[in-house]
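S.K.: Before I ask anything, let me first share the structure, which is written out below as structure tokens.
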Amino acid sequence: MHKELSDLINRNVTGANAVAYLTADAKKFDSSITVETSHIYKVVEFLKTNKTTSFNSLHCISGVDYTDYMEVCYMLTNYDPSAVRNLTLKVRVTDRVNAAIDSVVGQFVSADFLEREVYDMFGIKFNNHPDMRRILCPDDWEGFPLRKDYVAQKDYNGMTVYPDNKMNMEDREFIVRQNMIKKAQAEKAQ
Amino acid sequence: MNTQVHHTSSVKEYFGGLWDGIYSSLKGMWITFRYVWAVAPVSIEYPEVREVLPERARMRLFNDALNCISCTQCAMACPVDCIYIASEKLPEGSEIKKTSNGQAIRLHLTQFTIDTALCCYCGLCTTVCPTECLTHSHDYEFSAYTIDSMKYDYLAPDIVAWRDRIVKA
Amino acid sequence: MQTRWDVGEPHKPTINTRTEQLKSDLLTLNMGPQHPATHGVLRIEIWTDSEIVAHAIPHIGYLHRCMEKHCENLDFRGVIPFVDRLDYLASMNMEWNYAMTIEKMLGTEVPRRAELLRILTCELQRIASHLMAFGTYAIDLGAFSPFLYAFDYREKILRLFEEVSGARLLYNYIWIGGLWNDWSPEQISRVTAFCDDMEEEAKKYHELLSMNKIFIARTAHVGVMSVQDCIDFGATGPILRGAGMKWDLRKNEPYSLYSEFDFDVPVGTGEVGEPGDCWNRYIVRMREVVESIKIIRQVIEKLEPGSIMGKVPKVMKLPEGEVYFRSECPRGELAFHLVTKQDSKEPFRLKVRSPCFTHTSMLPRVAPGQMIADFVATVGSIDIVLGEIDR
Amino acid sequence: MQDGVVLTTLDEFLNWGRKNSLWPMTFGLACCAIEMMATGAAKYDLERFGCGAFMATPRRADLMIVAGTVTLKMATRVKVLYEQMAEPKYVISMGSCANKGGPYWQYGYHVLKGVDEVVPVDVYVPGCPPRPEALIEGVMTLQKKIANERLLRNKWVKHA
């Protein structure tokens, strides 16, 4: 299904160069279509409006951080009992400092919250999104938590995130302290 | 339409609606009123009447330190990392003690603490323990005034006293 | 008739001309993180014009417990207790969906008895979750006694789950490859007894609340969401069915053994009020309880002895790949997007697609033009759980 | 004069009155809130301890049961709610999450490690979630604590 779909996209949306990634074992893994980042809005619009393989709902947008590039996966479905279709559309973002993709809120209203969550967790901004704010973390939160190189901030308006007296440090270093005591007794004995 | 458009209802509609309201409420109230005699009381007077917990209930963790061979399987299986185990090598000549099911204890357990304030009572540690010494007891009455009193050191003598107090399944 | 929910400009205040000069601006109201009607820690910023909601902006994230960051550092068995805590009213369905995602990737074969018992437990969990929704929805509208009835029968289910798994609410019972322990025949007979009582109880709830004139006045024609609206917003489960579309993953994309059972999918037909309003969403949930009882009875007939745990390696190493698995939960379609690296012991990325997350995004579309009391009824009727929204 | 018969009996009477009418505030955060509701429901009835009337506003409540995970975004609200409560106020921290961060302490960048960082806690109820009986036992432990409070004996006698 993915092969013809990617050819269909390439024919209708110029410059989208959709590449279908087919997994060896379809029963175990999902296959997907990777699309050019700048053409994401046109591809989604085409997938929604074309007659033959239409997808009328955006099920989920999930970001994945592969350290050298970040991927945004759009899961499209067709809510029509007669023609049930699912598709995973992928877009790659290489720029980690100010990453930006076109928002698809124009086509699917459900993308509003989903894109805000991808921005909150990965720092990928979405152009012409009605309300580009963090959704889960507080607005003045530093850093983007789900990136692989994320380090939690020390404290957040007065409360320490990892207080030392709660980390059970003395239990973890129990072995280290035992060895030091034994070494001290050994020196005293000599 | 959300904002109810104000329409003047006829006399029949008005009294009909009134009767519907009273009748449907009365039917609901009759169901509740039947509970006075028709249904046995449901609530359990907790301190006096204690419900018998099922055999697999997962309450406070208990470790029978004599049988523990300090293999740290439970510490690795715990998703929350709240089990802290330390053990040391036995000196050469000492005799090897046996656990209840016959396994030899080669390491001497020096520390076995579980921080029940972090524990999520998922039971993954009890399934991994080879000598079945780490189990869930049926004791849920251990609320405390201070947070540090919730870190239980299973080698301490008072824990053995606690063991006799609970009913161990 | 004025369109009820054009998102763009807010609802124009309907003040009659005489008080026009009164320069009354919109009042901002915080249906704050601590509020009896928000089912947890959801904050809705309401701009009201004298009791009519001009527009509403939901603020979530007050229960963001960084679950997806945890899943990147936990081995595959250690993730199950965290998946329980997503939708803590339907933990069994969460575990089952996660277990099926991993089993699809591993290709393990789950024995038939384990698969049947999974359907039994998850349908029981669906009844418990809908009872909870019924109880709290009645409290939102001021009726206290249905809450006590609902919790009385919910305790019976929790007792059964406690005997089987050991915990009352967060079970860690459905493992990857099968189940932790088995149901004894005595427990199965108690399930059939429970199903018979639950059937009468459902009729009693119908008389107690569904047909109550006050309840109908409070919920009929309130918070209407059309089918096209639901599909645009990606709403699923009782909300899509309440709007009138016959869509249930267990029927349309059958997973596990659901294709062997016959049950029908209740749909909001609008016998009271119109399809898509609060009453129809509520009645779809109550009819789903009866359908679940039908499924449980068929499962108990088909049960036969056998092993309950498939062949799963002791240390689980998953090949490289990506899976997106959807299943039908009491609140809608839950899905897990799992990405793994070659021979990894923990998931590289586990994204949870939460139905309540998309249902909350519908509130700004439905709120304008409603009274505040009706807005409370709408929030109650979409039955959201904050653990799943904020993850 | 400190522990004279008059002040002690008066104190006991006051403590008896206050400990048997603790009004909790509906403050459900997460899974423990469901167990708190189950405690308030018919089977394990909290009403038998005079503790069943769940008040919506902090003004009319004198017991705050923190049931669930307190996140950093929610912590400021917990502090504000605590300050809005009338003075003889008590806090029960219910569940591992409220005690010390619970299962979310390791990678929980957004989770407050224990509610006692923002609010003084009287009784910690362990469990995840604690059984309804464990919550009732927590309320009884709090009642023991209230029973021997020294209300009059400290205030009236200045140079005690």
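All residue names refer to the structure tokens as shown: chains lettered A, B, ... in order, residues numbered from 1 in each chain, ligands numbered from 1 in order.
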Would you pick out the contacts of C:Pro275 at 9 Å or less, using only C-alpha atoms, so that residues sharing its chain but fewer than 2 positions from it are not included, and give the list as a short mmCIF file (atom, residue, chain, number, x, y, z; two decimals) with N, CA, C and O atoms, in the first residue's frame?

M.R.:
data_model
loop_
_atom_site.label_atom_id
_atom_site.label_comp_id
_atom_site.auth_asym_id
_atom_site.auth_seq_id
_atom_site.Cartn_x
_atom_site.Cartn_y
_atom_site.Cartn_z
N HIS C 221 -29.56 18.31 24.70
CA HIS C 221 -29.22 19.49 23.86
C HIS C 221 -28.08 20.32 24.44
O HIS C 221 -27.97 21.49 24.12
N VAL C 224 -23.29 20.05 22.27
CA VAL C 224 -23.50 19.18 21.10
C VAL C 224 -22.21 19.14 20.27
O VAL C 224 -21.61 20.19 19.99
N MET C 225 -21.76 17.92 19.94
CA MET C 225 -20.58 17.76 19.07
C MET C 225 -21.01 16.87 17.91
O MET C 225 -21.32 15.70 18.12
N SER C 226 -20.99 17.44 16.69
CA SER C 226 -21.47 16.64 15.55
C SER C 226 -20.40 15.63 15.15
O SER C 226 -19.26 15.68 15.60
N VAL C 227 -20.79 14.70 14.25
CA VAL C 227 -19.85 13.65 13.83
C VAL C 227 -18.67 14.30 13.12
O VAL C 227 -17.50 13.99 13.39
N GLY C 242 -21.30 8.61 20.62
CA GLY C 242 -22.44 9.41 21.06
C GLY C 242 -22.90 10.36 19.97
O GLY C 242 -24.07 10.70 19.87
N ALA C 243 -21.96 10.78 19.12
CA ALA C 243 -22.35 11.70 18.04
C ALA C 243 -23.09 10.98 16.93
O ALA C 243 -23.66 11.62 16.06
N GLY C 244 -23.08 9.62 16.95
CA GLY C 244 -23.92 8.93 15.97
C GLY C 244 -23.13 8.06 15.00
O GLY C 244 -23.73 7.37 14.18
N VAL C 267 -24.93 3.30 19.83
CA VAL C 267 -24.68 4.58 19.15
C VAL C 267 -25.72 5.58 19.65
O VAL C 267 -26.85 5.19 19.97
N GLY C 268 -25.32 6.84 19.76
CA GLY C 268 -26.24 7.87 20.22
C GLY C 268 -27.25 8.19 19.14
O GLY C 268 -26.91 8.78 18.10
N THR C 269 -28.50 7.77 19.34
CA THR C 269 -29.49 7.97 18.27
C THR C 269 -30.32 9.22 18.54
O THR C 269 -31.10 9.63 17.72
N GLY C 270 -30.18 9.81 19.72
CA GLY C 270 -30.94 11.03 19.94
C GLY C 270 -32.38 10.78 20.33
O GLY C 270 -33.26 11.58 20.00
N GLU C 271 -32.65 9.64 21.03
CA GLU C 271 -34.06 9.43 21.44
C GLU C 271 -34.43 10.51 22.46
O GLU C 271 -35.54 10.97 22.52
N VAL C 272 -33.44 10.93 23.27
CA VAL C 272 -33.70 12.09 24.17
C VAL C 272 -32.68 13.15 23.75
O VAL C 272 -31.49 12.83 23.61
N GLY C 273 -33.11 14.38 23.49
CA GLY C 273 -32.16 15.40 23.03
C GLY C 273 -31.74 15.06 21.61
O GLY C 273 -32.47 14.42 20.85
N ASP C 277 -25.13 15.10 22.03
CA ASP C 277 -25.19 15.95 23.25
C ASP C 277 -24.79 15.11 24.46
O ASP C 277 -24.49 13.92 24.34
N CYS C 278 -24.77 15.77 25.60
CA CYS C 278 -24.22 15.09 26.80
C CYS C 278 -25.02 13.84 27.12
O CYS C 278 -24.45 12.82 27.51
N TRP C 279 -26.38 13.89 26.93
CA TRP C 279 -27.17 12.74 27.34
C TRP C 279 -26.79 11.53 26.49
O TRP C 279 -26.66 10.41 26.98
N ASN C 280 -26.58 11.74 25.19
CA ASN C 280 -26.30 10.58 24.34
C ASN C 280 -24.93 9.99 24.66
O ASN C 280 -24.75 8.77 24.64
N ARG C 281 -23.96 10.85 24.96
CA ARG C 281 -22.64 10.29 25.35
C ARG C 281 -22.80 9.44 26.60
O ARG C 281 -22.26 8.33 26.70
#

S.K.: Mind checking DSSP for chain B and telling me the helix (DSSP H, G or I) residues as a ChimeraX atom specification?

M.R.: /B:11-38,65-67,73-77,124-128,148-150,157-165

S.K.: Counting only C-alpha atoms, which residue out of B:Leu134, B:Leu107, B:Ala144, B:Cys125 sits closest to chain D?

M.R.: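 Result for the nearest residue to chain D: B:Ala144.
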
S.K.: Applying 12 Å and only C-alpha atoms, which residues near C:Ser184 remain after dropping the ones on its own chain fewer than 6 positions away? List them as a list in words.

M.R.: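 Close residues of C:Ser184: Leu117, Leu160, Glu163, Val164, Arg190, Val191, Leu303, Glu304 and Pro305 of chain C.
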
S.K.: Would you mind exporting N, CA, C and O atoms of the selected residues as a PDB file, in the first residue's frame?

M.R.:
ATOM      1  N   LEU C 117      -8.587 -14.684  28.879  1.00  0.00           N
ATOM      2  CA  LEU C 117      -8.649 -14.050  30.213  1.00  0.00           C
ATOM      3  C   LEU C 117      -8.342 -12.560  30.115  1.00  0.00           C
ATOM      4  O   LEU C 117      -8.875 -11.739  30.854  1.00  0.00           O
ATOM      5  N   LEU C 160     -12.496  -8.575  42.938  1.00  0.00           N
ATOM      6  CA  LEU C 160     -12.096  -9.686  42.043  1.00  0.00           C
ATOM      7  C   LEU C 160     -10.685  -9.449  41.537  1.00  0.00           C
ATOM      8  O   LEU C 160      -9.830 -10.343  41.534  1.00  0.00           O
ATOM      9  N   GLU C 163      -8.045 -10.214  44.136  1.00  0.00           N
ATOM     10  CA  GLU C 163      -7.762 -11.631  44.376  1.00  0.00           C
ATOM     11  C   GLU C 163      -6.865 -12.183  43.263  1.00  0.00           C
ATOM     12  O   GLU C 163      -6.020 -13.036  43.497  1.00  0.00           O
ATOM     13  N   VAL C 164      -7.016 -11.666  42.062  1.00  0.00           N
ATOM     14  CA  VAL C 164      -6.253 -12.241  40.948  1.00  0.00           C
ATOM     15  C   VAL C 164      -4.867 -11.611  40.886  1.00  0.00           C
ATOM     16  O   VAL C 164      -3.857 -12.300  40.771  1.00  0.00           O
ATOM     17  N   ARG C 190     -17.792 -16.446  40.339  1.00  0.00           N
ATOM     18  CA  ARG C 190     -18.207 -15.166  40.963  1.00  0.00           C
ATOM     19  C   ARG C 190     -18.370 -14.091  39.907  1.00  0.00           C
ATOM     20  O   ARG C 190     -19.186 -13.177  40.053  1.00  0.00           O
ATOM     21  N   VAL C 191     -17.590 -14.205  38.820  1.00  0.00           N
ATOM     22  CA  VAL C 191     -17.752 -13.202  37.740  1.00  0.00           C
ATOM     23  C   VAL C 191     -19.127 -13.365  37.108  1.00  0.00           C
ATOM     24  O   VAL C 191     -19.839 -12.378  36.876  1.00  0.00           O
ATOM     25  N   LEU C 303     -13.953 -20.489  27.732  1.00  0.00           N
ATOM     26  CA  LEU C 303     -12.720 -20.723  28.499  1.00  0.00           C
ATOM     27  C   LEU C 303     -12.397 -22.206  28.536  1.00  0.00           C
ATOM     28  O   LEU C 303     -13.292 -23.033  28.713  1.00  0.00           O
ATOM     29  N   GLU C 304     -11.115 -22.566  28.333  1.00  0.00           N
ATOM     30  CA  GLU C 304     -10.732 -23.971  28.544  1.00  0.00           C
ATOM     31  C   GLU C 304      -9.345 -23.950  29.182  1.00  0.00           C
ATOM     32  O   GLU C 304      -8.611 -22.993  29.024  1.00  0.00           O
ATOM     33  N   PRO C 305      -9.002 -24.977  29.979  1.00  0.00           N
ATOM     34  CA  PRO C 305      -7.730 -24.917  30.719  1.00  0.00           C
ATOM     35  C   PRO C 305      -6.549 -24.853  29.767  1.00  0.00           C
ATOM     36  O   PRO C 305      -6.618 -25.304  28.625  1.00  0.00           O
TER      37      PRO C 305
END

S.K.: Counting only C-alpha atoms, a student should be able to say which residues of chain B come within 12 Å of chain C; what is the right answer, written as a ChimeraX atom specification?

M.R.: /B:1-5,16-35,39,41-44,51-60,74-81,119-125,127-128,136-138

S.K.: Which residues are close to C:Tyr324, i.e. within 9 Å by only C-alpha atoms, leaving aside same-chain residues fewer than 2 positions away? Reply as a PDB file with all heavy atoms, in the first residue's frame.

M.R.:
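Writing done, so here's out16.pdb:
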ATOM      1  N   PHE A  29       6.569  -5.052  12.152  1.00  0.00           N
ATOM      2  CA  PHE A  29       6.874  -3.616  12.252  1.00  0.00           C
ATOM      3  C   PHE A  29       5.982  -2.845  11.299  1.00  0.00           C
ATOM      4  O   PHE A  29       5.357  -3.410  10.403  1.00  0.00           O
ATOM      5  CB  PHE A  29       8.351  -3.369  11.887  1.00  0.00           C
ATOM      6  CG  PHE A  29       9.292  -4.188  12.711  1.00  0.00           C
ATOM      7  CD1 PHE A  29       9.950  -5.266  12.162  1.00  0.00           C
ATOM      8  CD2 PHE A  29       9.478  -3.876  14.052  1.00  0.00           C
ATOM      9  CE1 PHE A  29      10.797  -6.039  12.918  1.00  0.00           C
ATOM     10  CE2 PHE A  29      10.325  -4.655  14.817  1.00  0.00           C
ATOM     11  CZ  PHE A  29      10.986  -5.742  14.255  1.00  0.00           C
ATOM     12  N   ASP A  30       5.944  -1.537  11.495  1.00  0.00           N
ATOM     13  CA  ASP A  30       5.148  -0.677  10.613  1.00  0.00           C
ATOM     14  C   ASP A  30       6.052  -0.074   9.555  1.00  0.00           C
ATOM     15  O   ASP A  30       7.214   0.248   9.846  1.00  0.00           O
ATOM     16  CB  ASP A  30       4.557   0.487  11.438  1.00  0.00           C
ATOM     17  CG  ASP A  30       3.427  -0.061  12.315  1.00  0.00           C
ATOM     18  OD1 ASP A  30       3.142  -1.271  12.183  1.00  0.00           O
ATOM     19  OD2 ASP A  30       2.884   0.697  13.111  1.00  0.00           O
ATOM     20  N   MET A  75       0.424  10.376  12.250  1.00  0.00           N
ATOM     21  CA  MET A  75      -0.345   9.131  12.026  1.00  0.00           C
ATOM     22  C   MET A  75      -1.710   9.547  11.504  1.00  0.00           C
ATOM     23  O   MET A  75      -2.499  10.138  12.251  1.00  0.00           O
ATOM     24  CB  MET A  75      -0.524   8.355  13.337  1.00  0.00           C
ATOM     25  CG  MET A  75       0.686   8.300  14.216  1.00  0.00           C
ATOM     26  SD  MET A  75       2.009   7.335  13.531  1.00  0.00           S
ATOM     27  CE  MET A  75       3.189   7.370  14.863  1.00  0.00           C
ATOM     28  N   THR A  88       1.597   6.183   8.379  1.00  0.00           N
ATOM     29  CA  THR A  88       2.560   6.944   9.198  1.00  0.00           C
ATOM     30  C   THR A  88       3.380   7.807   8.258  1.00  0.00           C
ATOM     31  O   THR A  88       4.090   7.281   7.393  1.00  0.00           O
ATOM     32  CB  THR A  88       3.492   5.961   9.943  1.00  0.00           C
ATOM     33  OG1 THR A  88       2.674   4.988  10.561  1.00  0.00           O
ATOM     34  CG2 THR A  88       4.294   6.683  10.995  1.00  0.00           C
TER      35      THR A  88
ATOM     36  N   THR C 101       1.636  -4.272  22.044  1.00  0.00           N
ATOM     37  CA  THR C 101       2.632  -3.596  21.191  1.00  0.00           C
ATOM     38  C   THR C 101       3.943  -4.369  21.203  1.00  0.00           C
ATOM     39  O   THR C 101       4.529  -4.649  20.151  1.00  0.00           O
ATOM     40  CB  THR C 101       2.872  -2.176  21.768  1.00  0.00           C
ATOM     41  OG1 THR C 101       1.635  -1.620  22.148  1.00  0.00           O
ATOM     42  CG2 THR C 101       3.561  -1.305  20.785  1.00  0.00           C
ATOM     43  N   GLU C 322       9.768  -0.067  14.520  1.00  0.00           N
ATOM     44  CA  GLU C 322       8.807   0.935  14.989  1.00  0.00           C
ATOM     45  C   GLU C 322       7.420   0.329  14.864  1.00  0.00           C
ATOM     46  O   GLU C 322       7.123  -0.338  13.869  1.00  0.00           O
ATOM     47  CB  GLU C 322       8.930   2.138  14.059  1.00  0.00           C
ATOM     48  CG  GLU C 322       8.148   3.335  14.484  1.00  0.00           C
ATOM     49  CD  GLU C 322       8.203   4.410  13.404  1.00  0.00           C
ATOM     50  OE1 GLU C 322       9.281   4.576  12.822  1.00  0.00           O
ATOM     51  OE2 GLU C 322       7.165   5.015  13.136  1.00  0.00           O
ATOM     52  N   ARG C 326      -3.013   0.382  18.135  1.00  0.00           N
ATOM     53  CA  ARG C 326      -4.182   1.073  18.712  1.00  0.00           C
ATOM     54  C   ARG C 326      -5.120   0.045  19.318  1.00  0.00           C
ATOM     55  O   ARG C 326      -5.254  -1.042  18.782  1.00  0.00           O
ATOM     56  CB  ARG C 326      -4.969   1.792  17.595  1.00  0.00           C
ATOM     57  CG  ARG C 326      -4.096   2.553  16.675  1.00  0.00           C
ATOM     58  CD  ARG C 326      -4.699   3.037  15.399  1.00  0.00           C
ATOM     59  NE  ARG C 326      -6.075   2.814  15.124  1.00  0.00           N
ATOM     60  CZ  ARG C 326      -6.759   3.606  14.304  1.00  0.00           C
ATOM     61  NH1 ARG C 326      -6.161   4.680  13.821  1.00  0.00           N
ATOM     62  NH2 ARG C 326      -7.990   3.361  14.015  1.00  0.00           N
ATOM     63  N   ALA C 335      -3.236   4.540  21.884  1.00  0.00           N
ATOM     64  CA  ALA C 335      -2.258   3.950  20.969  1.00  0.00           C
ATOM     65  C   ALA C 335      -0.867   4.175  21.543  1.00  0.00           C
ATOM     66  O   ALA C 335      -0.622   5.178  22.215  1.00  0.00           O
ATOM     67  CB  ALA C 335      -2.362   4.597  19.598  1.00  0.00           C
ATOM     68  N   PHE C 336       0.006   3.190  21.281  1.00  0.00           N
ATOM     69  CA  PHE C 336       1.403   3.319  21.703  1.00  0.00           C
ATOM     70  C   PHE C 336       2.274   3.350  20.454  1.00  0.00           C
ATOM     71  O   PHE C 336       2.145   2.494  19.589  1.00  0.00           O
ATOM     72  CB  PHE C 336       1.831   2.114  22.563  1.00  0.00           C
ATOM     73  CG  PHE C 336       1.412   2.242  23.982  1.00  0.00           C
ATOM     74  CD1 PHE C 336       0.256   1.633  24.434  1.00  0.00           C
ATOM     75  CD2 PHE C 336       2.156   3.003  24.876  1.00  0.00           C
ATOM     76  CE1 PHE C 336      -0.148   1.762  25.751  1.00  0.00           C
ATOM     77  CE2 PHE C 336       1.760   3.136  26.199  1.00  0.00           C
ATOM     78  CZ  PHE C 336       0.604   2.515  26.627  1.00  0.00           C
ATOM     79  N   HIS C 337       3.147   4.355  20.365  1.00  0.00           N
ATOM     80  CA  HIS C 337       4.104   4.414  19.249  1.00  0.00           C
ATOM     81  C   HIS C 337       5.460   4.065  19.838  1.00  0.00           C
ATOM     82  O   HIS C 337       6.058   4.847  20.581  1.00  0.00           O
ATOM     83  CB  HIS C 337       4.113   5.830  18.661  1.00  0.00           C
ATOM     84  CG  HIS C 337       5.101   5.993  17.554  1.00  0.00           C
ATOM     85  ND1 HIS C 337       5.916   7.091  17.419  1.00  0.00           N
ATOM     86  CD2 HIS C 337       5.422   5.174  16.517  1.00  0.00           C
ATOM     87  CE1 HIS C 337       6.681   6.957  16.365  1.00  0.00           C
ATOM     88  NE2 HIS C 337       6.404   5.784  15.780  1.00  0.00           N
ATOM     89  N   LEU C 338       5.920   2.823  19.544  1.00  0.00           N
ATOM     90  CA  LEU C 338       7.161   2.336  20.169  1.00  0.00           C
ATOM     91  C   LEU C 338       8.271   2.339  19.122  1.00  0.00           C
ATOM     92  O   LEU C 338       8.084   1.803  18.023  1.00  0.00           O
ATOM     93  CB  LEU C 338       6.929   0.910  20.689  1.00  0.00           C
ATOM     94  CG  LEU C 338       8.153   0.215  21.285  1.00  0.00           C
ATOM     95  CD1 LEU C 338       8.528   0.865  22.599  1.00  0.00           C
ATOM     96  CD2 LEU C 338       7.860  -1.253  21.515  1.00  0.00           C
ATOM     97  N   VAL C 339       9.399   2.960  19.442  1.00  0.00           N
ATOM     98  CA  VAL C 339      10.560   2.962  18.547  1.00  0.00           C
ATOM     99  C   VAL C 339      11.711   2.306  19.307  1.00  0.00           C
ATOM    100  O   VAL C 339      11.945   2.658  20.476  1.00  0.00           O
ATOM    101  CB  VAL C 339      10.953   4.409  18.151  1.00  0.00           C
ATOM    102  CG1 VAL C 339      12.179   4.410  17.263  1.00  0.00           C
ATOM    103  CG2 VAL C 339       9.790   5.097  17.490  1.00  0.00           C
TER     104      VAL C 339
END

S.K.: Give the residues of chain A that lie within 8 Å of chain C; count only C-alpha atoms, and format the answer as a list in words.

M.R.: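 Close to chain C, chain A has Lys27, Lys28, Phe29, Asp30, Asn56, Ser57, Leu58, His59, Cys60, Ser62, Val64, Tyr79, Pro81, Val84, Phe108, Val109, Ser110, Asp112, Phe113, Ile135, Leu136, Cys137, Pro138, Pro145 and Leu146 of chain A.
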
S.K.: So that I have them on file, write out the residues from the current selection with N, CA, C and O atoms, as a short mmCIF file (atom, residue, chain, number, x, y, z; two decimals), in the first residue's frame.

M.R.:
data_model
loop_
_atom_site.label_atom_id
_atom_site.label_comp_id
_atom_site.auth_asym_id
_atom_site.auth_seq_id
_atom_site.Cartn_x
_atom_site.Cartn_y
_atom_site.Cartn_z
N LYS A 27 4.46 -8.08 9.44
CA LYS A 27 3.61 -8.50 10.56
C LYS A 27 4.13 -7.92 11.87
O LYS A 27 3.41 -7.69 12.82
N LYS A 28 5.48 -7.63 11.89
CA LYS A 28 6.05 -7.21 13.19
C LYS A 28 6.20 -5.69 13.25
O LYS A 28 6.06 -5.10 14.30
N PHE A 29 6.57 -5.05 12.15
CA PHE A 29 6.87 -3.62 12.25
C PHE A 29 5.98 -2.85 11.30
O PHE A 29 5.36 -3.41 10.40
N ASP A 30 5.94 -1.54 11.49
CA ASP A 30 5.15 -0.68 10.61
C ASP A 30 6.05 -0.07 9.56
O ASP A 30 7.21 0.25 9.85
N ASN A 56 -9.34 11.12 6.68
CA ASN A 56 -10.07 12.29 7.18
C ASN A 56 -9.75 12.63 8.62
O ASN A 56 -10.39 13.49 9.20
N SER A 57 -8.74 11.97 9.25
CA SER A 57 -8.45 12.36 10.65
C SER A 57 -6.97 12.17 10.93
O SER A 57 -6.33 11.24 10.43
N LEU A 58 -6.44 13.08 11.75
CA LEU A 58 -5.04 12.98 12.19
C LEU A 58 -5.05 12.35 13.57
O LEU A 58 -5.56 12.93 14.53
N HIS A 59 -4.54 11.13 13.67
CA HIS A 59 -4.70 10.38 14.93
C HIS A 59 -3.70 10.88 15.96
O HIS A 59 -4.05 11.07 17.12
N CYS A 60 -2.43 11.10 15.52
CA CYS A 60 -1.41 11.44 16.54
C CYS A 60 -0.19 12.04 15.84
O CYS A 60 0.08 11.72 14.70
N SER A 62 3.88 12.34 16.77
CA SER A 62 4.85 11.99 17.83
C SER A 62 6.24 12.31 17.34
O SER A 62 6.57 12.04 16.18
N VAL A 64 10.46 12.02 17.62
CA VAL A 64 11.49 11.07 18.06
C VAL A 64 12.83 11.76 17.85
O VAL A 64 13.04 12.42 16.81
N TYR A 79 -11.59 7.52 9.18
CA TYR A 79 -12.72 7.02 9.97
C TYR A 79 -13.89 6.73 9.05
O TYR A 79 -14.79 7.52 8.91
N PRO A 81 -16.01 3.15 8.18
CA PRO A 81 -16.03 1.68 8.36
C PRO A 81 -15.82 0.91 7.07
O PRO A 81 -15.27 -0.18 7.06
N VAL A 84 -11.06 1.35 5.84
CA VAL A 84 -10.23 1.68 7.02
C VAL A 84 -8.78 1.77 6.56
O VAL A 84 -8.27 0.82 5.95
N PHE A 108 -6.14 19.84 9.81
CA PHE A 108 -6.73 19.04 10.91
C PHE A 108 -6.70 19.89 12.18
O PHE A 108 -5.62 20.24 12.66
N VAL A 109 -7.85 20.19 12.76
CA VAL A 109 -7.89 21.03 13.96
C VAL A 109 -7.23 20.29 15.14
O VAL A 109 -6.67 20.88 16.05
N SER A 110 -7.25 18.93 15.10
CA SER A 110 -6.69 18.20 16.25
C SER A 110 -5.19 18.42 16.35
O SER A 110 -4.59 18.14 17.39
N ASP A 112 -3.69 21.08 16.71
CA ASP A 112 -3.39 22.24 17.57
C ASP A 112 -2.66 21.78 18.83
O ASP A 112 -1.50 22.13 19.08
N PHE A 113 -3.34 20.92 19.62
CA PHE A 113 -2.72 20.48 20.89
C PHE A 113 -1.52 19.58 20.62
O PHE A 113 -0.49 19.66 21.29
N ILE A 135 2.66 23.12 26.42
CA ILE A 135 1.35 22.64 26.87
C ILE A 135 1.46 21.85 28.16
O ILE A 135 0.62 21.95 29.03
N LEU A 136 2.55 21.05 28.33
CA LEU A 136 2.62 20.21 29.54
C LEU A 136 3.50 20.88 30.59
O LEU A 136 3.09 21.07 31.73
N CYS A 137 4.70 21.31 30.18
CA CYS A 137 5.56 21.94 31.19
C CYS A 137 5.11 23.39 31.41
O CYS A 137 4.45 23.96 30.54
N PRO A 138 5.46 24.00 32.54
CA PRO A 138 5.09 25.41 32.73
C PRO A 138 5.76 26.28 31.68
O PRO A 138 6.76 25.91 31.09
N PRO A 145 12.38 18.62 27.42
CA PRO A 145 12.66 17.41 28.21
C PRO A 145 12.94 16.15 27.43
O PRO A 145 13.76 15.34 27.83
N LEU A 146 12.27 15.90 26.31
CA LEU A 146 12.42 14.55 25.73
C LEU A 146 13.58 14.46 24.76
O LEU A 146 13.75 13.46 24.09
#

S.K.: Show me which bits of chain D are within 7 Å of chain B, counting only C-alpha atoms, as a PyMOL selection string.

M.R.: chain D and resi 42-45+96+99-103+122-126+128+133-134+137-138

S.K.: Let me make sure I understand: among D:Lys113, D:Arg59, D:Arg77, D:Arg18, which one has the smallest atom-to-atom distance to chain A if we use only C-alpha atoms?

M.R.: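 Of D:Lys113, D:Arg59, D:Arg77, D:Arg18, the one nearest chain A, counting only C-alpha atoms, is D:Lys113.
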
S.K.: Sorted by chain and rising residue number, which residues of chain D lie within 10 Å of chain A, and what are their closest atom pairs and distances in Å to one decimal, counting only C-alpha atoms, as a tab-separated table?

M.R.:
residue	atom	partner	partner_atom	distance
D:Thr71	CA	A:Cys137	CA	9.7
D:Leu72	CA	A:Tyr156	CA	7.3
D:Lys73	CA	A:Pro138	CA	6.0
D:Met74	CA	A:Pro138	CA	9.6
D:Ala75	CA	A:Met159	CA	8.7
D:Thr76	CA	A:Asn157	CA	9.0
D:Lys100	CA	A:Lys166	CA	7.0
D:Gly101	CA	A:Lys166	CA	8.9
D:Trp105	CA	A:Tyr162	CA	8.2
D:Gln106	CA	A:Met167	CA	8.8
D:Tyr107	CA	A:Ala152	CA	8.8
D:Gly108	CA	A:Val161	CA	8.5
D:Tyr109	CA	A:Ala152	CA	5.7
D:His110	CA	A:Val161	CA	7.4
D:Val111	CA	A:Val161	CA	7.4
D:Leu112	CA	A:Val161	CA	6.5
D:Lys113	CA	A:Tyr162	CA	7.1
D:Gly114	CA	A:Lys166	CA	8.4
D:Glu117	CA	A:Met159	CA	7.5
D:Val118	CA	A:Met159	CA	8.0
